[in-house]
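entry.pdb (PDB, C-alpha atoms, pLDDT in the B column)
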ATOM      1  CA  MET A   1     124.463-121.011  19.307  1.00 92.00           C
ATOM      2  CA  ARG A   2     124.359-118.674  22.291  1.00 92.00           C
ATOM      3  CA  LEU A   3     124.370-115.231  20.774  1.00 90.00           C
ATOM      4  CA  GLU A   4     124.436-113.444  24.133  1.00 89.00           C
ATOM      5  CA  TYR A   5     127.767-115.138  24.913  1.00 90.00           C
ATOM      6  CA  PHE A   6     129.108-114.684  21.382  1.00 93.00           C
ATOM      7  CA  GLN A   7     129.209-118.471  21.056  1.00 94.00           C
ATOM      8  CA  LEU A   8     128.415-118.909  17.379  1.00 96.00           C
ATOM      9  CA  ILE A   9     128.913-122.651  17.015  1.00 97.00           C
ATOM     10  CA  ASP A  10     127.317-125.526  18.945  1.00 97.00           C
ATOM     11  CA  ARG A  11     129.675-128.429  18.396  1.00 97.00           C
ATOM     12  CA  ILE A  12     132.694-129.538  16.435  1.00 97.00           C
ATOM     13  CA  ALA A  13     131.499-132.486  14.385  1.00 97.00           C
ATOM     14  CA  GLU A  14     134.672-133.393  12.497  1.00 96.00           C
ATOM     15  CA  LEU A  15     138.324-132.478  12.910  1.00 96.00           C
ATOM     16  CA  ASP A  16     141.120-133.738  10.681  1.00 96.00           C
ATOM     17  CA  VAL A  17     144.421-132.298  11.871  1.00 95.00           C
ATOM     18  CA  ARG A  18     146.414-134.102   9.194  1.00 94.00           C
ATOM     19  CA  HIS A  19     144.402-132.641   6.335  1.00 96.00           C
ATOM     20  CA  GLN A  20     143.823-129.421   8.284  1.00 97.00           C
ATOM     21  CA  THR A  21     140.035-129.391   7.973  1.00 98.00           C
ATOM     22  CA  ILE A  22     137.206-128.954  10.432  1.00 98.00           C
ATOM     23  CA  ARG A  23     133.418-129.084  10.373  1.00 98.00           C
ATOM     24  CA  ALA A  24     131.166-127.585  13.003  1.00 98.00           C
ATOM     25  CA  GLU A  25     127.419-127.367  13.496  1.00 98.00           C
ATOM     26  CA  ALA A  26     125.207-124.611  14.811  1.00 98.00           C
ATOM     27  CA  ARG A  27     121.541-123.828  14.999  1.00 97.00           C
ATOM     28  CA  VAL A  28     120.380-120.236  14.806  1.00 97.00           C
ATOM     29  CA  PRO A  29     118.153-119.536  17.827  1.00 96.00           C
ATOM     30  CA  THR A  30     114.468-119.048  17.127  1.00 95.00           C
ATOM     31  CA  GLU A  31     114.362-116.049  19.430  1.00 93.00           C
ATOM     32  CA  SER A  32     116.889-113.341  20.219  1.00 94.00           C
ATOM     33  CA  THR A  33     116.703-109.620  20.902  1.00 94.00           C
ATOM     34  CA  ILE A  34     119.010-109.263  17.896  1.00 94.00           C
ATOM     35  CA  PHE A  35     116.089-110.180  15.644  1.00 95.00           C
ATOM     36  CA  GLU A  36     114.001-107.380  17.128  1.00 94.00           C
ATOM     37  CA  GLY A  37     116.326-104.934  15.428  1.00 95.00           C
ATOM     38  CA  HIS A  38     117.554-107.041  12.500  1.00 94.00           C
ATOM     39  CA  PHE A  39     114.885-106.631  11.234  1.00 96.00           C
ATOM     40  CA  PRO A  40     111.529-105.740  12.802  1.00 95.00           C
ATOM     41  CA  GLY A  41     108.975-108.111  11.293  1.00 95.00           C
ATOM     42  CA  TYR A  42     111.657-109.747   9.108  1.00 97.00           C
ATOM     43  CA  PRO A  43     114.218-111.531  11.326  1.00 97.00           C
ATOM     44  CA  LEU A  44     117.540-112.338   9.675  1.00 97.00           C
ATOM     45  CA  MET A  45     120.788-113.658  11.102  1.00 97.00           C
ATOM     46  CA  PRO A  46     123.213-110.711  10.698  1.00 97.00           C
ATOM     47  CA  GLY A  47     125.931-111.298   8.121  1.00 96.00           C
ATOM     48  CA  VAL A  48     128.639-110.101  10.517  1.00 96.00           C
ATOM     49  CA  LEU A  49     127.645-112.882  12.912  1.00 97.00           C
ATOM     50  CA  LEU A  50     127.823-115.452  10.114  1.00 97.00           C
ATOM     51  CA  ILE A  51     131.344-114.210   9.443  1.00 98.00           C
ATOM     52  CA  GLU A  52     132.146-114.500  13.153  1.00 98.00           C
ATOM     53  CA  ALA A  53     130.757-118.061  13.062  1.00 98.00           C
ATOM     54  CA  MET A  54     133.142-118.893  10.207  1.00 98.00           C
ATOM     55  CA  ALA A  55     136.012-117.253  12.112  1.00 98.00           C
ATOM     56  CA  GLN A  56     135.254-119.280  15.249  1.00 98.00           C
ATOM     57  CA  THR A  57     135.136-122.497  13.212  1.00 98.00           C
ATOM     58  CA  ALA A  58     138.435-121.726  11.478  1.00 98.00           C
ATOM     59  CA  GLY A  59     139.872-120.521  14.791  1.00 98.00           C
ATOM     60  CA  TRP A  60     139.281-123.921  16.433  1.00 98.00           C
ATOM     61  CA  LEU A  61     141.013-125.521  13.475  1.00 98.00           C
ATOM     62  CA  VAL A  62     144.036-123.268  14.015  1.00 98.00           C
ATOM     63  CA  ILE A  63     144.047-124.135  17.725  1.00 97.00           C
ATOM     64  CA  ALA A  64     144.022-127.829  16.768  1.00 96.00           C
ATOM     65  CA  VAL A  65     146.786-127.526  14.175  1.00 96.00           C
ATOM     66  CA  THR A  66     148.979-125.549  16.585  1.00 96.00           C
ATOM     67  CA  LYS A  67     148.167-128.102  19.307  1.00 94.00           C
ATOM     68  CA  PHE A  68     146.678-125.579  21.715  1.00 94.00           C
ATOM     69  CA  THR A  69     149.916-123.561  21.859  1.00 95.00           C
ATOM     70  CA  ARG A  70     148.578-120.430  20.160  1.00 95.00           C
ATOM     71  CA  MET A  71     145.422-118.344  20.342  1.00 97.00           C
ATOM     72  CA  PRO A  72     144.183-117.136  16.942  1.00 98.00           C
ATOM     73  CA  PHE A  73     142.865-113.575  16.783  1.00 97.00           C
ATOM     74  CA  PHE A  74     140.762-112.458  13.823  1.00 97.00           C
ATOM     75  CA  ALA A  75     143.003-110.108  11.766  1.00 97.00           C
ATOM     76  CA  ALA A  76     141.719-109.883   8.199  1.00 96.00           C
ATOM     77  CA  LEU A  77     138.825-110.942   6.013  1.00 97.00           C
ATOM     78  CA  LYS A  78     138.876-111.338   2.248  1.00 96.00           C
ATOM     79  CA  GLU A  79     136.395-112.301  -0.421  1.00 94.00           C
ATOM     80  CA  ALA A  80     133.539-112.555   2.043  1.00 97.00           C
ATOM     81  CA  LYS A  81     130.306-113.464   0.298  1.00 98.00           C
ATOM     82  CA  LEU A  82     126.888-113.613   1.950  1.00 98.00           C
ATOM     83  CA  ARG A  83     124.973-115.565  -0.644  1.00 97.00           C
ATOM     84  CA  SER A  84     121.529-115.998   0.870  1.00 96.00           C
ATOM     85  CA  PHE A  85     119.481-115.077   3.938  1.00 97.00           C
ATOM     86  CA  VAL A  86     119.779-117.114   7.114  1.00 97.00           C
ATOM     87  CA  THR A  87     116.697-117.086   9.346  1.00 97.00           C
ATOM     88  CA  PRO A  88     115.914-118.045  12.964  1.00 97.00           C
ATOM     89  CA  GLY A  89     115.922-121.797  13.608  1.00 96.00           C
ATOM     90  CA  GLN A  90     118.063-122.754  10.609  1.00 97.00           C
ATOM     91  CA  ALA A  91     120.741-125.427  11.014  1.00 98.00           C
ATOM     92  CA  LEU A  92     124.206-124.445   9.792  1.00 98.00           C
ATOM     93  CA  SER A  93     127.073-126.672   8.716  1.00 98.00           C
ATOM     94  CA  LEU A  94     130.339-124.737   9.001  1.00 98.00           C
ATOM     95  CA  SER A  95     133.573-125.899   7.389  1.00 98.00           C
ATOM     96  CA  ALA A  96     137.099-124.554   7.271  1.00 98.00           C
ATOM     97  CA  LYS A  97     140.355-125.564   5.676  1.00 98.00           C
ATOM     98  CA  LEU A  98     143.760-124.164   6.524  1.00 98.00           C
ATOM     99  CA  LEU A  99     145.471-122.580   3.526  1.00 97.00           C
ATOM    100  CA  HIS A 100     148.716-121.755   5.314  1.00 97.00           C
ATOM    101  CA  GLU A 101     150.191-121.939   8.784  1.00 96.00           C
ATOM    102  CA  GLY A 102     152.767-119.192   8.939  1.00 97.00           C
ATOM    103  CA  SER A 103     154.925-118.037  11.817  1.00 96.00           C
ATOM    104  CA  GLY A 104     152.665-115.902  13.971  1.00 96.00           C
ATOM    105  CA  TYR A 105     149.781-116.012  11.502  1.00 97.00           C
ATOM    106  CA  ALA A 106     147.498-118.428   9.698  1.00 98.00           C
ATOM    107  CA  VAL A 107     145.163-118.190   6.713  1.00 98.00           C
ATOM    108  CA  ALA A 108     142.049-120.319   6.255  1.00 98.00           C
ATOM    109  CA  LYS A 109     139.072-120.479   3.975  1.00 98.00           C
ATOM    110  CA  ALA A 110     135.686-121.147   5.503  1.00 98.00           C
ATOM    111  CA  ASP A 111     132.104-121.615   4.422  1.00 98.00           C
ATOM    112  CA  ILE A 112     128.616-122.192   5.785  1.00 98.00           C
ATOM    113  CA  ARG A 113     126.022-124.452   4.215  1.00 98.00           C
ATOM    114  CA  CYS A 114     122.311-124.637   4.962  1.00 97.00           C
ATOM    115  CA  ASP A 115     120.596-127.814   3.762  1.00 95.00           C
ATOM    116  CA  GLY A 116     123.677-128.517   1.654  1.00 94.00           C
ATOM    117  CA  LYS A 117     123.520-125.172  -0.100  1.00 97.00           C
ATOM    118  CA  LEU A 118     126.516-122.805   0.060  1.00 98.00           C
ATOM    119  CA  THR A 119     125.305-119.811   2.047  1.00 98.00           C
ATOM    120  CA  CYS A 120     128.462-117.836   2.734  1.00 97.00           C
ATOM    121  CA  ASN A 121     132.216-118.153   2.403  1.00 98.00           C
ATOM    122  CA  ALA A 122     135.377-116.145   3.047  1.00 98.00           C
ATOM    123  CA  GLU A 123     139.129-116.211   3.476  1.00 98.00           C
ATOM    124  CA  ILE A 124     140.202-115.365   7.013  1.00 98.00           C
ATOM    125  CA  THR A 125     143.619-114.375   8.371  1.00 98.00           C
ATOM    126  CA  PHE A 126     144.481-114.799  12.047  1.00 98.00           C
ATOM    127  CA  ARG A 127     147.318-113.490  14.145  1.00 97.00           C
ATOM    128  CA  LEU A 128     148.633-116.294  16.333  1.00 97.00           C
ATOM    129  CA  VAL A 129     149.698-115.320  19.814  1.00 96.00           C
ATOM    130  CA  GLU A 130     150.784-117.366  22.807  1.00 95.00           C
ATOM    131  CA  PHE A 131     147.957-117.591  25.333  1.00 95.00           C
ATOM    132  CA  PRO A 132     148.235-114.345  27.303  1.00 92.00           C
ATOM    133  CA  ASN A 133     147.744-116.079  30.666  1.00 94.00           C
ATOM    134  CA  PRO A 134     146.826-119.515  32.107  1.00 94.00           C
ATOM    135  CA  GLU A 135     143.246-118.434  32.848  1.00 96.00           C
ATOM    136  CA  PHE A 136     142.678-117.556  29.207  1.00 95.00           C
ATOM    137  CA  ARG A 137     143.892-120.962  28.100  1.00 95.00           C
ATOM    138  CA  ALA A 138     141.835-122.720  30.792  1.00 95.00           C
ATOM    139  CA  ASN A 139     138.724-120.898  29.589  1.00 95.00           C
ATOM    140  CA  MET A 140     139.416-121.971  26.028  1.00 95.00           C
ATOM    141  CA  GLU A 141     139.842-125.564  27.201  1.00 95.00           C
ATOM    142  CA  ARG A 142     136.491-125.345  28.990  1.00 95.00           C
ATOM    143  CA  MET A 143     134.901-124.000  25.825  1.00 95.00           C
ATOM    144  CA  ALA A 144     136.577-126.790  23.852  1.00 96.00           C
ATOM    145  CA  ALA A 145     134.898-129.352  26.110  1.00 95.00           C
ATOM    146  CA  ILE A 146     131.492-127.671  25.630  1.00 95.00           C
ATOM    147  CA  LEU A 147     131.994-127.822  21.853  1.00 95.00           C
ATOM    148  CA  GLU A 148     133.090-131.497  22.012  1.00 94.00           C
ATOM    149  CA  PHE A 149     136.494-130.503  20.611  1.00 94.00           C
ATOM    150  CA  PRO A 150     138.271-133.868  20.165  1.00 91.00           C
ATOM    151  CA  MET A 151     141.433-133.380  22.221  1.00 87.00           C
ATOM    152  CA  GLU A 152     142.606-136.858  21.200  1.00 84.00           C
ATOM    153  CA  ALA A 153     142.900-135.606  17.598  1.00 82.00           C
ATOM    154  CA  LEU A 154     145.834-133.433  18.699  1.00 81.00           C
ATOM    155  CA  VAL A 155     147.773-136.496  19.778  1.00 73.00           C
ATOM    156  CA  HIS A 156     146.925-138.747  16.850  1.00 61.00           C
ATOM    157  CA  GLY A 157     146.579-136.119  14.128  1.00 52.00           C
TER     158      GLY A 157
ATOM    159  CA  MET B 158     171.081-111.712  -2.486  1.00 56.00           C
ATOM    160  CA  MET B 159     169.691-113.105  -5.707  1.00 61.00           C
ATOM    161  CA  SER B 160     168.231-110.326  -7.820  1.00 71.00           C
ATOM    162  CA  SER B 161     165.264-112.505  -8.767  1.00 92.00           C
ATOM    163  CA  THR B 162     164.365-112.769  -5.079  1.00 95.00           C
ATOM    164  CA  PHE B 163     164.241-108.998  -4.796  1.00 96.00           C
ATOM    165  CA  GLU B 164     162.154-108.739  -7.965  1.00 96.00           C
ATOM    166  CA  THR B 165     159.620-111.210  -6.584  1.00 97.00           C
ATOM    167  CA  VAL B 166     159.479-109.556  -3.160  1.00 97.00           C
ATOM    168  CA  ALA B 167     159.195-106.057  -4.646  1.00 97.00           C
ATOM    169  CA  SER B 168     156.340-107.188  -6.900  1.00 97.00           C
ATOM    170  CA  ILE B 169     154.539-108.773  -3.962  1.00 97.00           C
ATOM    171  CA  ILE B 170     154.889-105.609  -1.868  1.00 96.00           C
ATOM    172  CA  SER B 171     153.796-103.412  -4.752  1.00 97.00           C
ATOM    173  CA  GLU B 172     150.685-105.476  -5.456  1.00 95.00           C
ATOM    174  CA  THR B 173     149.758-106.199  -1.850  1.00 93.00           C
ATOM    175  CA  CYS B 174     150.170-102.673  -0.501  1.00 93.00           C
ATOM    176  CA  ASP B 175     149.498-100.668  -3.658  1.00 94.00           C
ATOM    177  CA  ILE B 176     152.961 -99.077  -3.520  1.00 95.00           C
ATOM    178  CA  PRO B 177     154.452 -97.959  -6.884  1.00 96.00           C
ATOM    179  CA  ARG B 178     157.004-100.567  -7.916  1.00 96.00           C
ATOM    180  CA  ASP B 179     159.704 -98.001  -8.783  1.00 95.00           C
ATOM    181  CA  THR B 180     159.706 -96.611  -5.222  1.00 95.00           C
ATOM    182  CA  ILE B 181     160.668-100.012  -3.799  1.00 96.00           C
ATOM    183  CA  LYS B 182     164.482-100.309  -3.612  1.00 95.00           C
ATOM    184  CA  PRO B 183     166.774-102.981  -2.154  1.00 95.00           C
ATOM    185  CA  GLU B 184     167.781-100.509   0.560  1.00 96.00           C
ATOM    186  CA  SER B 185     164.145 -99.671   1.424  1.00 96.00           C
ATOM    187  CA  HIS B 186     163.058-100.509   4.961  1.00 95.00           C
ATOM    188  CA  ALA B 187     159.615-102.119   4.782  1.00 94.00           C
ATOM    189  CA  ILE B 188     158.357-100.368   7.905  1.00 92.00           C
ATOM    190  CA  ASN B 189     160.287 -97.095   8.100  1.00 92.00           C
ATOM    191  CA  ASP B 190     160.529 -96.249   4.384  1.00 92.00           C
ATOM    192  CA  LEU B 191     157.546 -97.997   2.815  1.00 93.00           C
ATOM    193  CA  GLY B 192     155.162 -97.503   5.755  1.00 92.00           C
ATOM    194  CA  ILE B 193     154.017-101.124   5.790  1.00 94.00           C
ATOM    195  CA  ASP B 194     152.256-101.944   9.057  1.00 92.00           C
ATOM    196  CA  SER B 195     152.164-105.315  10.770  1.00 89.00           C
ATOM    197  CA  LEU B 196     148.769-106.282   9.344  1.00 92.00           C
ATOM    198  CA  ASP B 197     149.800-105.537   5.769  1.00 93.00           C
ATOM    199  CA  PHE B 198     152.993-107.426   6.457  1.00 94.00           C
ATOM    200  CA  LEU B 199     150.910-110.547   7.181  1.00 94.00           C
ATOM    201  CA  ASP B 200     149.608-110.422   3.595  1.00 94.00           C
ATOM    202  CA  ILE B 201     153.157-109.949   2.326  1.00 96.00           C
ATOM    203  CA  ALA B 202     154.425-112.810   4.486  1.00 96.00           C
ATOM    204  CA  PHE B 203     151.661-115.102   3.183  1.00 96.00           C
ATOM    205  CA  ALA B 204     152.568-114.244  -0.418  1.00 96.00           C
ATOM    206  CA  ILE B 205     156.324-114.665   0.218  1.00 97.00           C
ATOM    207  CA  ASP B 206     155.846-117.977   2.071  1.00 97.00           C
ATOM    208  CA  LYS B 207     153.732-119.254  -0.829  1.00 96.00           C
ATOM    209  CA  ALA B 208     156.002-117.923  -3.590  1.00 96.00           C
ATOM    210  CA  PHE B 209     159.169-119.448  -2.113  1.00 96.00           C
ATOM    211  CA  GLY B 210     157.678-122.481  -0.346  1.00 96.00           C
ATOM    212  CA  ILE B 211     159.078-121.401   3.008  1.00 95.00           C
ATOM    213  CA  LYS B 212     157.884-120.341   6.471  1.00 96.00           C
ATOM    214  CA  MET B 213     159.564-117.092   7.429  1.00 97.00           C
ATOM    215  CA  PRO B 214     160.209-117.278  11.198  1.00 96.00           C
ATOM    216  CA  LEU B 215     158.432-114.007  11.972  1.00 95.00           C
ATOM    217  CA  GLU B 216     157.776-114.896  15.608  1.00 94.00           C
ATOM    218  CA  GLN B 217     161.507-115.507  16.160  1.00 95.00           C
ATOM    219  CA  TRP B 218     162.518-112.312  14.334  1.00 95.00           C
ATOM    220  CA  THR B 219     160.018-110.227  16.295  1.00 93.00           C
ATOM    221  CA  GLN B 220     161.242-111.744  19.559  1.00 93.00           C
ATOM    222  CA  GLU B 221     164.874-110.976  18.690  1.00 95.00           C
ATOM    223  CA  VAL B 222     163.995-107.357  17.876  1.00 94.00           C
ATOM    224  CA  ASN B 223     161.938-106.996  21.066  1.00 94.00           C
ATOM    225  CA  ASP B 224     164.776-108.472  23.121  1.00 96.00           C
ATOM    226  CA  GLY B 225     167.280-106.059  21.556  1.00 95.00           C
ATOM    227  CA  LYS B 226     169.224-108.955  20.006  1.00 96.00           C
ATOM    228  CA  ALA B 227     168.549-107.775  16.450  1.00 94.00           C
ATOM    229  CA  THR B 228     167.563-104.576  14.692  1.00 94.00           C
ATOM    230  CA  THR B 229     164.564-104.241  12.406  1.00 93.00           C
ATOM    231  CA  GLU B 230     167.038-103.424   9.596  1.00 94.00           C
ATOM    232  CA  GLN B 231     168.376-106.985   9.776  1.00 94.00           C
ATOM    233  CA  TYR B 232     165.008-108.412   8.814  1.00 94.00           C
ATOM    234  CA  PHE B 233     162.908-105.676   7.281  1.00 94.00           C
ATOM    235  CA  GLN B 234     165.352-103.811   5.054  1.00 96.00           C
ATOM    236  CA  LEU B 235     164.540-105.503   1.763  1.00 96.00           C
ATOM    237  CA  ASN B 236     168.045-106.562   0.734  1.00 95.00           C
ATOM    238  CA  ASN B 237     168.462-108.191   4.155  1.00 96.00           C
ATOM    239  CA  LEU B 238     164.985-109.707   3.980  1.00 96.00           C
ATOM    240  CA  CYS B 239     165.842-111.201   0.578  1.00 96.00           C
ATOM    241  CA  THR B 240     169.075-112.653   1.967  1.00 96.00           C
ATOM    242  CA  ARG B 241     167.045-114.299   4.760  1.00 96.00           C
ATOM    243  CA  ILE B 242     164.628-115.663   2.150  1.00 96.00           C
ATOM    244  CA  ASP B 243     167.506-117.076   0.071  1.00 96.00           C
ATOM    245  CA  GLU B 244     168.884-118.746   3.206  1.00 96.00           C
ATOM    246  CA  LEU B 245     165.509-120.302   3.999  1.00 96.00           C
ATOM    247  CA  VAL B 246     165.132-121.550   0.422  1.00 95.00           C
ATOM    248  CA  ALA B 247     168.671-123.003   0.518  1.00 95.00           C
ATOM    249  CA  ALA B 248     168.006-124.678   3.887  1.00 94.00           C
ATOM    250  CA  LYS B 249     164.834-126.221   2.476  1.00 87.00           C
ATOM    251  CA  GLY B 250     166.775-127.831  -0.365  1.00 76.00           C
ATOM    252  CA  ALA B 251     169.609-129.022   1.861  1.00 72.00           C
TER     253      ALA B 251
END
Would you write the structure of this file as structure tokens?
Amino acid sequence: MRLEYFQLIDRIAELDVRHQTIRAEARVPTESTIFEGHFPGYPLMPGVLLIEAMAQTAGWLVIAVTKFTRMPFFAALKEAKLRSFVTPGQALSLSAKLLHEGSGYAVAKADIRCDGKLTCNAEITFRLVEFPNPEFRANMERMAAILEFPMEALVHG
Amino acid sequence: MMSSTFETVASIISETCDIPRDTIKPESHAINDLGIDSLDFLDIAFAIDKAFGIKMPLEQWTQEVNDGKATTEQYFQLNNLCTRIDELVAAKGA
């Protein structure tokens, strides 16, 4: 997790294009200026960033299911629940499942578990747009490589 | 247009966008008359796709409107939208 780059997940651990599921992993950094404000003397991972982490996880699933032809943009959030505190250094297991791939949009449900315990979950809607330019897509492919996104799953899925 | 299709679509719009059911008519234009914006329409599209087991080709419709090949009335006036839905349902069963 590199909060300063808004990279909320570390690696994609499992991707099943056929069943439209994904699992990612992330570790909350032990130190970040964010914790100086949230909160002084009581550092907590902000809930909005946990939601972003779920959105990024589900977003990579959408990219996989659409075979890297569409970029998902966060459009709506429903039934978001932040069930317990997440603190610096904690390991997160993030999962998402696609509920529906529409034309120009997709809906997924996502959750985060810490030590097997459900920590937060939500339903997320994305707008799907063709990559606005080749550089954008190339950057996403570079990020995919960093996250160990299994490109071969797109061919065999 | 099958009347049951309109009933289903009108109920979805009413519940999704909190619009009184009796103000939603077959001749209503989803955008111009009912004031539904594109984000709310995503919720409606999700509910319609699920209810009818279809995938409305919104990207294609939007492209046709943007290219001047179709008017928004052809897709977003509810009686026309319901006709499109019936066609998609029929094509699915074919």
key: Nearest candidate to Glu244 in chain B (options B:Lys207, B:Ala227, B:Thr162, B:Gln220; using only C-alpha atoms)   = B:Thr162
Given a cut-off of 10 Å, which residues of chain B touch chain A, counting all atoms listed in the file, written out as a PDB file with C-alpha atoms, keeping the file's coordinate frame?
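Dumped to result.pdb:
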ATOM      1  CA  LEU B 196     148.769-106.282   9.344  1.00 92.00           C
ATOM      2  CA  ASP B 197     149.800-105.537   5.769  1.00 93.00           C
ATOM      3  CA  LEU B 199     150.910-110.547   7.181  1.00 94.00           C
ATOM      4  CA  ASP B 200     149.608-110.422   3.595  1.00 94.00           C
ATOM      5  CA  ALA B 202     154.425-112.810   4.486  1.00 96.00           C
ATOM      6  CA  PHE B 203     151.661-115.102   3.183  1.00 96.00           C
ATOM      7  CA  ASP B 206     155.846-117.977   2.071  1.00 97.00           C
ATOM      8  CA  LYS B 207     153.732-119.254  -0.829  1.00 96.00           C
ATOM      9  CA  ILE B 211     159.078-121.401   3.008  1.00 95.00           C
ATOM     10  CA  LYS B 212     157.884-120.341   6.471  1.00 96.00           C
ATOM     11  CA  MET B 213     159.564-117.092   7.429  1.00 97.00           C
ATOM     12  CA  PRO B 214     160.209-117.278  11.198  1.00 96.00           C
ATOM     13  CA  LEU B 215     158.432-114.007  11.972  1.00 95.00           C
ATOM     14  CA  GLU B 216     157.776-114.896  15.608  1.00 94.00           C
ATOM     15  CA  GLN B 217     161.507-115.507  16.160  1.00 95.00           C
ATOM     16  CA  TRP B 218     162.518-112.312  14.334  1.00 95.00           C
ATOM     17  CA  THR B 219     160.018-110.227  16.295  1.00 93.00           C
TER      18      THR B 219
END
ask   = CA of Met45 in chain A and CA of Phe85 in chain A, how far apart in Å?
value =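 According to the coordinates, CA of Phe85 in chain A and CA of Met45 in chain A are separated by 7.4 Å.
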message = Need the shell around range 33-41 of chain A: protein/DNA/RNA residues with any atom at most 12 Å away, counting all atoms listed in the file. Skip same-chain ones fewer than 2 positions apart. Format as a list in words?
response = Arg2, Leu3, Glu4, Phe6, Val28, Pro29, Thr30, Glu31, Pro43, Leu44, Met45, Pro46, Gly47, Val48, Leu49, Phe85, Val86, Thr87, Pro88 and Gly89 of chain A
inquiry  = So that I can check the surroundings of Ala204 in chain B, please list as a count of residues only every protein, DNA and RNA residue that reaches within 9 Å of it, counting only C-alpha atoms and ignoring chain neighbours fewer than 4 positions away.
reply    = 7
request  = Kindly resolve the PyMOL selection byres ((chain A and resi 114) around 12) on the present coordinates and return the residues as a ChimeraX atom specification.
outcome  = /A:25-28,50,83-87,89-95,111-113,115-120
message = Please expand the PyMOL selection byres ((chain A and resi 148) around 9) into the concrete residues it hits in this file, giving the result as a list in words.
response =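 Checking the PyMOL selection byres ((chain A and resi 148) around 9) against this file, the residues are Asp10, Arg11, Ile12, Ala13, Met143, Ala144, Ala145, Ile146, Leu147, Phe149, Pro150 and Met151 of chain A.
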query = Applied to the shown file, which residues does the PyMOL selection byres ((chain B and resi 230) around 10) return, written as an MDAnalysis selection string?
reply = chainID B and resid 184:189 222 227:229 231:238
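Between CA of Ala108 in chain A and CA of Glu141 in chain A there is a distance of 21.7 Å.
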request  = Give me the residues within 9 Å of Ser168 in chain B as a PyMOL selection string, counting all atoms listed in the file and dropping any in the same chain fewer than 5 places off.
outcome  = chain B and resi 163+173+178+181
